[in-house]
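Next up, run.cif (mmCIF, C-alpha atoms):
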data_data
#
loop_
_atom_site.label_atom_id
_atom_site.label_comp_id
_atom_site.auth_asym_id
_atom_site.auth_seq_id
_atom_site.Cartn_x
_atom_site.Cartn_y
_atom_site.Cartn_z
CA MET D 1 142.03 43.19 62.65
CA HIS D 2 143.57 45.79 64.92
CA ILE D 3 145.49 43.41 67.18
CA ASP D 4 148.47 41.34 66.04
CA ILE D 5 147.80 37.65 66.52
CA PRO D 6 150.77 35.27 66.38
CA GLU D 7 150.59 32.72 63.59
CA GLY D 8 148.77 29.58 64.64
CA GLN D 9 146.89 31.26 67.49
CA GLU D 10 143.10 31.39 67.64
CA PRO D 11 142.30 35.15 67.88
CA ILE D 12 139.67 35.16 70.62
CA GLY D 13 141.58 32.69 72.77
CA TYR D 14 144.78 34.64 72.35
CA VAL D 15 143.34 38.10 73.04
CA TRP D 16 141.04 37.09 75.87
CA GLY D 17 143.15 34.32 77.37
CA GLU D 18 146.80 35.16 76.79
CA MET D 19 147.05 38.92 76.33
CA VAL D 20 145.08 39.86 79.45
CA PRO D 21 144.47 36.58 81.27
CA GLY D 22 143.19 38.07 84.53
CA ILE D 23 140.69 40.33 82.81
CA GLY D 24 139.99 38.16 79.79
CA MET D 25 139.19 35.00 81.73
CA ALA D 26 136.90 36.92 84.10
CA ALA D 27 135.13 38.45 81.08
CA ALA D 28 134.87 35.05 79.40
CA ASN D 29 133.40 33.51 82.55
CA PHE D 30 130.85 36.31 82.80
CA SER D 31 129.97 35.90 79.13
CA LEU D 32 129.54 32.13 79.51
CA SER D 33 127.47 32.56 82.68
CA VAL D 34 124.87 34.52 80.75
CA TYR D 35 124.25 31.43 78.61
CA GLU D 36 124.66 28.77 81.30
CA HIS D 37 122.52 30.32 84.01
CA THR D 38 119.74 32.12 82.21
CA THR D 39 116.16 31.53 83.23
CA LEU D 40 114.78 33.59 80.33
CA GLY D 41 112.91 31.95 77.49
CA LEU D 42 114.95 31.26 74.36
CA ARG D 43 112.98 33.69 72.16
CA GLU D 44 113.26 36.56 74.66
CA PHE D 45 116.94 35.83 75.21
CA GLU D 46 117.69 35.69 71.48
CA ALA D 47 115.61 38.78 70.67
CA ALA D 48 117.68 40.86 73.08
CA ARG D 49 120.98 39.21 72.10
CA LEU D 50 120.41 39.61 68.37
CA ARG D 51 119.26 43.23 68.73
CA ILE D 52 122.54 44.02 70.49
CA ALA D 53 124.45 42.11 67.80
CA GLN D 54 122.72 44.18 65.14
CA ILE D 55 123.55 47.43 66.94
CA ASN D 56 127.16 46.40 67.60
CA GLY D 57 127.66 45.04 64.09
CA CYS D 58 129.54 42.06 65.50
CA LEU D 59 129.77 39.56 62.64
CA PHE D 60 130.32 36.59 64.95
CA CYS D 61 127.38 37.57 67.18
CA LEU D 62 125.10 38.08 64.16
CA ASP D 63 125.95 34.59 62.94
CA TRP D 64 125.57 32.89 66.33
CA ARG D 65 122.30 31.25 67.43
CA THR D 66 121.85 30.14 71.00
CA GLU D 67 120.78 26.51 71.26
CA ARG D 68 118.87 24.96 74.15
CA ASP D 69 117.94 21.30 74.26
CA SER D 70 118.72 21.05 70.51
CA VAL D 71 116.35 23.95 69.76
CA LYS D 72 117.27 27.23 68.07
CA VAL D 73 115.10 30.10 66.89
CA GLU D 74 113.89 29.89 63.29
CA GLU D 75 116.00 31.28 60.44
CA GLU D 76 113.69 34.29 59.97
CA PHE D 77 114.06 35.31 63.61
CA ALA D 78 116.89 37.80 62.99
CA ASP D 79 114.78 39.62 60.41
CA ALA D 80 111.92 39.76 62.91
CA VAL D 81 114.29 41.26 65.50
CA THR D 82 115.15 44.03 63.05
CA GLN D 83 111.41 44.68 62.71
CA TRP D 84 110.61 44.21 66.41
CA ARG D 85 108.15 47.13 66.46
CA THR D 86 105.86 45.69 63.77
CA THR D 87 106.54 41.97 63.44
CA ASP D 88 103.73 39.55 64.22
CA ALA D 89 106.34 36.87 65.02
CA PHE D 90 106.78 38.10 68.62
CA ASP D 91 104.68 37.93 71.73
CA ASP D 92 104.73 40.90 74.14
CA ARG D 93 107.69 39.63 76.19
CA THR D 94 109.86 38.95 73.13
CA ARG D 95 109.05 42.35 71.60
CA LEU D 96 109.80 44.02 74.92
CA ALA D 97 113.15 42.19 75.18
CA ALA D 98 114.19 43.53 71.76
CA GLU D 99 113.00 47.01 72.67
CA TYR D 100 114.84 46.95 75.99
CA ALA D 101 118.06 45.82 74.30
CA GLU D 102 117.83 48.62 71.74
CA ARG D 103 117.03 51.31 74.27
CA TYR D 104 119.65 50.00 76.74
CA ALA D 105 122.29 50.31 74.00
CA LEU D 106 121.18 53.52 72.32
CA ASP D 107 119.07 55.54 74.77
CA HIS D 108 119.39 54.28 78.33
CA HIS D 109 118.56 57.75 79.65
CA GLY D 110 115.23 57.52 77.83
CA LEU D 111 113.98 54.49 79.78
CA ASP D 112 111.02 56.34 81.24
CA GLU D 113 108.22 55.42 83.64
CA GLU D 114 105.97 54.30 80.77
CA PHE D 115 108.62 51.83 79.62
CA TRP D 116 109.21 50.52 83.15
CA ALA D 117 105.47 50.08 83.69
CA ARG D 118 105.33 47.83 80.62
CA MET D 119 108.52 46.03 81.64
CA THR D 120 107.43 45.29 85.20
CA ALA D 121 104.01 44.16 83.97
CA ARG D 122 105.63 41.37 81.93
CA TYR D 123 108.95 40.57 83.66
CA SER D 124 109.75 39.84 87.30
CA GLN D 125 112.45 41.86 89.03
CA HIS D 126 114.73 38.81 88.85
CA GLU D 127 114.17 38.57 85.09
CA ILE D 128 114.78 42.32 84.61
CA VAL D 129 118.12 42.11 86.42
CA GLU D 130 119.08 38.97 84.49
CA LEU D 131 118.14 40.52 81.15
CA SER D 132 119.99 43.74 82.06
CA MET D 133 123.19 41.84 82.91
CA SER D 134 122.89 39.76 79.76
CA ILE D 135 122.42 42.83 77.58
CA GLY D 136 125.39 44.48 79.30
CA SER D 137 127.55 41.45 78.57
CA TRP D 138 126.56 41.32 74.89
CA LEU D 139 126.95 45.05 74.45
CA ALA D 140 130.41 45.12 76.02
CA PHE D 141 131.94 41.97 74.60
CA GLY D 142 130.34 42.01 71.17
CA ARG D 143 131.40 45.61 70.76
CA LEU D 144 134.91 44.81 72.03
CA ASN D 145 135.30 41.99 69.50
CA HIS D 146 133.97 44.19 66.68
CA VAL D 147 136.10 47.24 67.56
CA LEU D 148 139.27 45.12 67.70
CA GLY D 149 138.32 43.32 64.49
CA LEU D 150 138.16 39.92 66.18
CA ASP D 151 134.61 39.27 64.97
CA ALA D 152 135.81 38.99 61.37
CA VAL D 153 138.24 36.16 62.18
CA CYS D 154 136.23 34.16 64.71
CA VAL D 155 134.94 30.82 63.56
CA LEU D 156 131.70 29.35 64.85
CA PRO D 157 132.05 25.87 66.36
CA GLY D 158 131.41 23.27 63.68
CA HIS D 159 132.26 25.66 60.78
#
Would you mind writing the file out in structure tokens?
Amino acid sequence: MHIDIPEGQEPIGYVWGEMVPGIGMAAANFSLSVYEHTTLGLREFEAARLRIAQINGCLFCLDWRTERDSVKVEEEFADAVTQWRTTDAFDDRTRLAAEYAERYALDHHGLDEEFWARMTARYSQHEIVELSMSIGSWLAFGRLNHVLGLDAVCVLPGH
């Protein structure tokens, strides 16, 4: 870890809540809003989220599975995300969510008219904005936690 955490402090809570409370709490609220207010399907949401986690290398994010109404994606889902181009486990929207996440993170200048034609054929403008904001949140905060080394010391709830 690259940040000194006082003994007895939970790392994420300390860094986000105590070190920079004005910024950290705003970031935490944005991060939570992505989960609380999404209208995207669970598989689309998780395909994009996990692809960003894979790109960022955030250990906590890779371990996390979003749950809705006591439902999570299947165990093999993360492997399918890695193989988003060829997996038969995804419908067109889920595959496109993983592709968008990857290109958003690695080649946002390469999002060409062909890509946007496919995107707008399967997602509404509202969904595109929501997915874009979600991807931005995961990219920023997952990368922040990984760069600072916080992802290696975070504990999932219930672990």
I'd like the contact shell of Trp116 of chain D - 12 Å cut-off, all atoms listed in the file, skipping same-chain residues fewer than 5 positions apart - returned as JSON, numbers by chain. {"D": [96, 99, 100, 103, 108, 110, 111, 121, 122, 123, 124, 125, 128]}
Who sits within 10 Å of segment 129-132 of chain D, all atoms listed in the file, same chain under 6 positions skipped, as a PyMOL selection string: chain D and resi 34+37-40+44-45+48-49+97+100-101+104+123
Separation of atom CA of Trp138 of chain D and atom CA of Ala80 of chain D, in Å? 19.0 Å
Expected selection from the PyMOL selection byres ((chain D and resi 52) around 8), given as a PyMOL selection string: chain D and resi 48-51+53-56+101-102+105+135+138-139
Which residue of D:Arg43, D:Arg93, D:Arg143, D:His109 approaches Ala78 of chain D most closely, using only C-alpha atoms: D:Arg43
For the structure shown, which residues end up in the PyMOL selection byres ((chain D and resi 14-20) around 12)? Put them as a count of residues only, please? 31
